[in-house]
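*Asks:* Quick one: the structure is below, questions incoming.
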Amino acid sequence: MSAQLRRGIVAGIADGLARIGAHGLFLLQILAALPASLRHYRETVRQIWFTGAMSLVIIMTCGLFVGMVLGLQLYYVLSIFGGTAALGTVVSLSLYRELGPVVTALLFAGRAGTSITAEIGLMRATDQLAAMEMMAVDPIAYVAAPRFLAGIVAMPLLACVFNALGIFGAHLVGVSWLGLDNGTFWSNMTSSVDVWTDVINGVWKSVAFGAVVALIAVFQGYTTAPTSEGVAYATTRTVVFSSIVVLAIDFVMTAFLM
Amino acid sequence: MAQRRSYQIGSGLFILLGFAALAYLATQTTSIANFSQGPSYTLNARFTNVGQLKLRAPVKIAGVRIGSVESIEVDPERLDAKVRLSVDKRYHEIPDDSSAAIFTSGLLGDQYIGIQAGGSPDMFKDGDEFVLTQSSMQLEDLIGKFLVNGAPPAKPADAAKTDGGDTGSEHPAATPKKS
Amino acid sequence: MQVRGLRTVLGRKTIFDGVDLDIPRGKVTAVMGPSGCGKTTLLRHLTGQRRPDAGSIRIDGMDVTGLSRQALFELRERIGYLFQNSALLTDYDVFENVAFPLRQHLRLPEEIIRNIVLTKLEAVGLRGAAGLMASELSGGMMRRVALARAIIRDPMLILYDEPFVGLDPIALNQVLRLIRTLNDTLGVTSILVAHEFSAVARVADLVYLLAGGKIVAHGPPQALRDDPSPWTRQFFGGEADGPVPFQYPARDYAADLGFAADHPSAPSAAARQAAATTRAAEPRA
């Protein structure tokens with residue numbers, strides 16, 4: 001039994017390593033195809049539209065609600081210490097440094113990642129990728145790389161929109177509803193939030209998340225089993241893997257960068 | 001082609017929106033917002049202790065922002081902190097006997113420099129230095145002194161001298177704490 | 001084009017076991033065989049999408065199996081490939097699908113692209129459908145669009161993977177005529193993979209019959225029709241039994257149904273043997 005268990009664990013580790021390795025190799029392939037994919041910049045623009053602009057509604061709605069909830073919760077916590085004046089500071093710092101990039105990445109994986117995987121998976125299942133190969137068009141340059149680039153471009157922008165809406169939501173709750181002073185809210189925020197350590201570091205985080213989510217989504221679509229069941233599994237795996245990896249990378253980046 | 005064009009326009013709008021959000025966050029909600037926009041002039045102030053004062057901390061008169069801290073450095077000869085303040089040109093009529101003090105905004109807030117206006121008919125000029133300054137209040141010192149003396153010292157400077165100078169008086173002074 | 005000693009193993013199944021093919025330039029060659037005998041795999045080998053385990057494939061003097069990706073792409077620019085399921089790009093409309101290879105490889109003015117695309121669409125009778133999306137087409141129309149796409153760059157070699165499946169008689173005649181016309185007027189070499197002998201007989205100059213991983217017969221269609229070998233008789237006469245078994249290899253039928261009384265779920269060869277012996281002995285007893 002224990003030998004079996006050990007063998008299972010070893011196989012599991014080997015599996016995990018192989019999976020990471022496969023993603024890494026695929027990333028190299030994409031990077032190698034980047035120059036070629038710049039010729040298809042129109043395709044990249046189209047993908048920014050599909051992955052970025054089409055995710056705006058969900059990102060904005062969620063940003064607003066997250067900001068409002070943060071406003072309510074932190075107001076309660078801060079009022080215990082008599083520090084409600086710091087509401088703006090606390091909300092903006094937690095959004096910039098943590099919640100903005102992470103929640104946006106998770107939403108992005110659910111909204112854009114799944115559609116990338118499903119789309120590429122169906123292209124695989126219906127031989128469209130093979131057809132491109134046969135027309136001497138590299139599908140990595142034409143299909144994978146533009147979506148990867150679009151993820152990297154769209155994700156930080158979405159995170160910024162998310163943050164802006166979040167602060168608006170917190171302002172709505174804190175100032176308009178709970179009666180905090182408008183000037184206190186802003187001046188406390190502006191005096192303790194730094195552009196580089198807070199805002200820009202958050203942007204770097206979301207660039208990394210965008211790359212990771214887009215890579216996983218594209219890889220899962222590209223290597224899916226060419227059946228409807230395979231596409232369904234690949235879509236699920238996209239969400240599961242990218243959520244795990246985003247949170248893991250978030251920890252690493254927070255520990256070493258911030 | 002028309003289809004492609006609409007994608008391009010849409011993506012362009014999206015990218016603009018994203019960058020607008022970033023620009024808004026970076027300039028309106030961070031310390032960049034504290035940079036004064038118009039022309040300014042410089043005043044100097046020396047403090048024995050600046051506490052948690054940071055670069056770009058606000059400078060206020062009567063609670064209103066008039067400028068920000070431009071630099072904080074140690075004077076190698078006098079071993080005190082030399083702070084350069086950048087004050088908005090609009091507020092050029094500050095009497096030259098005004099005093100500068102480091103305050104904390106609220107219990108958890110950041111520190112800022114408050115200027116207490118004096119009554120002199122002459123005004124500060126660019127590069128002038130405050131004669132009267134009051135250093136940052138250190139919470140630890142206050143608590144320590146409170147514990148040692150049983151009450152806030154009336155003359156902090158004297159109390160400190162007594163504590164440090166005469167070791168013999170330390171013991172009797174500490175007794176009120178125990179009783 | 002020459003294929004020599006082609007050998008492929010997929011999983012545990014040997015798909016090709018020493019296949020030799022000669023495909024003459026400028027002729028229509030058909031490769032026929034029962035379902036699952038690897039006809040599509042053969043086409044993938046020919047275009048370098050899949051490397052065989054052994055053997056060589058020469059197209060126009062170049063060995064496909066040893067080409068770099070770059071060289072392969074250059075070769076593929078001169079090959080048209082018609083997919084079994086058409087494989088149109090679902091993102092684009094018919095016009096853009098047909099124009100795709102042109103846009104990807106050549107910098108042409110929009111007018112010229114338009115002219116070429118409309119000419120090819122006219123040839124397959126779908127000029128009016130240029131504005132439709134791929135998802136709005138029927139299977140037969142998609143096939144014809146894919147054909148227009150395959151011939152857009154006037155290739156030297158066209159591969160047709162099951163071009164007749166799902167076509168109504170009118171479209172079928174149209175496609176047959178197109179294949180023939182392309183071949184006669186442009187001197188294009190064509191390879192088509194199919195299993196409808198009647199249709200193949202109308203266009204092909206040469207037919208190879210593939211079964212069990214080997215070429216079992218070849219020659220002009222008329223000759224094959226009259227060939228007495230059991231392979232051709234079964235395939236072209238449509239007899240269920242013959243050298244190509246109708247049944248997928250399985251255990252003894254009676255044993256599977258549980259009639260072999262002594263060994264109800266006997267999986268071993270010995271048990272099966274025993275069951276078979278019992279059964280064989282019964283009529284006599």
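If you're wondering about the labels, chains in the structure tokens are A, B, ... by order shown, residues count from 1 in each chain, ligands from 1 in order shown.
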Taking only C-alpha atoms into account, what are the residues of chain B at most 6 Å from chain A, put as a count of residues only?
*Replies:* 10
*Asks:* Could you give me, as a PyMOL selection string, each residue of range 165-266 of chain C that DSSP assigns to alpha helix (DSSP H) when run on this structure's backbone?
*Replies:* chain C and resi 169-186+197-203+221-225+230-237+253-257
*Asks:* Could you work out which residues of chain A fall inside 9 Å of chain C? Count only C-alpha atoms, and format the result as a PDB file with N, CA and C atoms, in the first residue's frame.
*Replies:*
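Everything below was put into part-v1.pdb:
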```pdb
ATOM      1  N   HIS A  40       1.216  39.597 -38.376  1.00  0.00           N
ATOM      2  CA  HIS A  40      -0.236  39.457 -38.233  1.00  0.00           C
ATOM      3  C   HIS A  40      -0.729  40.370 -37.123  1.00  0.00           C
ATOM      4  N   MET A 123     -10.775  24.851 -33.051  1.00  0.00           N
ATOM      5  CA  MET A 123      -9.992  24.956 -34.282  1.00  0.00           C
ATOM      6  C   MET A 123      -9.175  23.688 -34.477  1.00  0.00           C
ATOM      7  N   THR A 126     -11.641  20.836 -35.482  1.00  0.00           N
ATOM      8  CA  THR A 126     -12.163  20.905 -36.843  1.00  0.00           C
ATOM      9  C   THR A 126     -11.041  21.056 -37.865  1.00  0.00           C
ATOM     10  N   ASP A 127      -9.827  20.685 -37.478  1.00  0.00           N
ATOM     11  CA  ASP A 127      -8.696  20.671 -38.412  1.00  0.00           C
ATOM     12  C   ASP A 127      -8.281  22.040 -38.925  1.00  0.00           C
ATOM     13  N   GLN A 128      -8.782  23.117 -38.297  1.00  0.00           N
ATOM     14  CA  GLN A 128      -8.401  24.432 -38.821  1.00  0.00           C
ATOM     15  C   GLN A 128      -6.910  24.691 -38.621  1.00  0.00           C
ATOM     16  N   LEU A 129      -6.386  24.186 -37.495  1.00  0.00           N
ATOM     17  CA  LEU A 129      -4.949  24.384 -37.254  1.00  0.00           C
ATOM     18  C   LEU A 129      -4.140  23.601 -38.287  1.00  0.00           C
ATOM     19  N   ALA A 130      -4.589  22.345 -38.561  1.00  0.00           N
ATOM     20  CA  ALA A 130      -3.891  21.553 -39.572  1.00  0.00           C
ATOM     21  C   ALA A 130      -4.002  22.222 -40.941  1.00  0.00           C
ATOM     22  N   ALA A 131      -5.163  22.835 -41.195  1.00  0.00           N
ATOM     23  CA  ALA A 131      -5.347  23.516 -42.482  1.00  0.00           C
ATOM     24  C   ALA A 131      -4.364  24.668 -42.622  1.00  0.00           C
ATOM     25  N   MET A 132      -4.144  25.389 -41.515  1.00  0.00           N
ATOM     26  CA  MET A 132      -3.175  26.483 -41.583  1.00  0.00           C
ATOM     27  C   MET A 132      -1.786  25.936 -41.865  1.00  0.00           C
ATOM     28  N   GLU A 133      -1.449  24.839 -41.168  1.00  0.00           N
ATOM     29  CA  GLU A 133      -0.158  24.208 -41.430  1.00  0.00           C
ATOM     30  C   GLU A 133      -0.036  23.907 -42.913  1.00  0.00           C
ATOM     31  N   MET A 134      -1.116  23.385 -43.491  1.00  0.00           N
ATOM     32  CA  MET A 134      -1.064  22.988 -44.896  1.00  0.00           C
ATOM     33  C   MET A 134      -0.995  24.186 -45.819  1.00  0.00           C
ATOM     34  N   MET A 135      -1.478  25.339 -45.349  1.00  0.00           N
ATOM     35  CA  MET A 135      -1.354  26.533 -46.179  1.00  0.00           C
ATOM     36  C   MET A 135      -0.055  27.257 -45.851  1.00  0.00           C
ATOM     37  N   ALA A 136       0.853  26.543 -45.179  1.00  0.00           N
ATOM     38  CA  ALA A 136       2.166  27.096 -44.850  1.00  0.00           C
ATOM     39  C   ALA A 136       2.069  28.323 -43.966  1.00  0.00           C
ATOM     40  N   VAL A 137       1.035  28.343 -43.110  1.00  0.00           N
ATOM     41  CA  VAL A 137       0.926  29.400 -42.116  1.00  0.00           C
ATOM     42  C   VAL A 137       1.154  28.742 -40.766  1.00  0.00           C
ATOM     43  N   ASP A 138       2.115  29.261 -40.012  1.00  0.00           N
ATOM     44  CA  ASP A 138       2.424  28.653 -38.728  1.00  0.00           C
ATOM     45  C   ASP A 138       1.322  28.995 -37.728  1.00  0.00           C
TER      46      ASP A 138
END
```
*Asks:* If you run DSSP on the backbone, which residues of range 13-135 of chain C are strand (DSSP E), as a PyMOL selection string?
*Replies:* chain C and resi 13-22+28-32+54-59+62-63+79-82
*Asks:* State, in Å with one decimal place, the distance from CA of Arg7 in chain C to CA of Ile215 in chain C.
*Replies:*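 Rounded to one decimal, the two atoms are 12.2 Å apart.
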*Asks:* Give me, as JSON, numbers by chain, all polymer residues having an atom no more than 12 Å from Leu42 in chain C, counting only C-alpha atoms and skipping those fewer than 5 positions away in the same chain.
*Replies:* {"C": [3, 6, 7, 8, 15, 16, 17, 19, 20, 21, 31, 32, 33, 36, 37, 47, 48, 49, 50, 51, 52, 57, 159, 160, 161, 191, 192, 193, 210, 213, 214, 215]}
*Asks:* Please report the interatomic distance between CA of Ile152 in chain A and CA of Thr61 in chain A in Å with one decimal.
*Replies:*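 It comes out at 21.5 Å.
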*Asks:* Pick out the residues sitting within 8 Å of range 54-58 of chain B, and hand them over as a count of residues only; count only C-alpha atoms, and ignore anything fewer than 5 positions along from it in its own chain.
*Replies:* 16
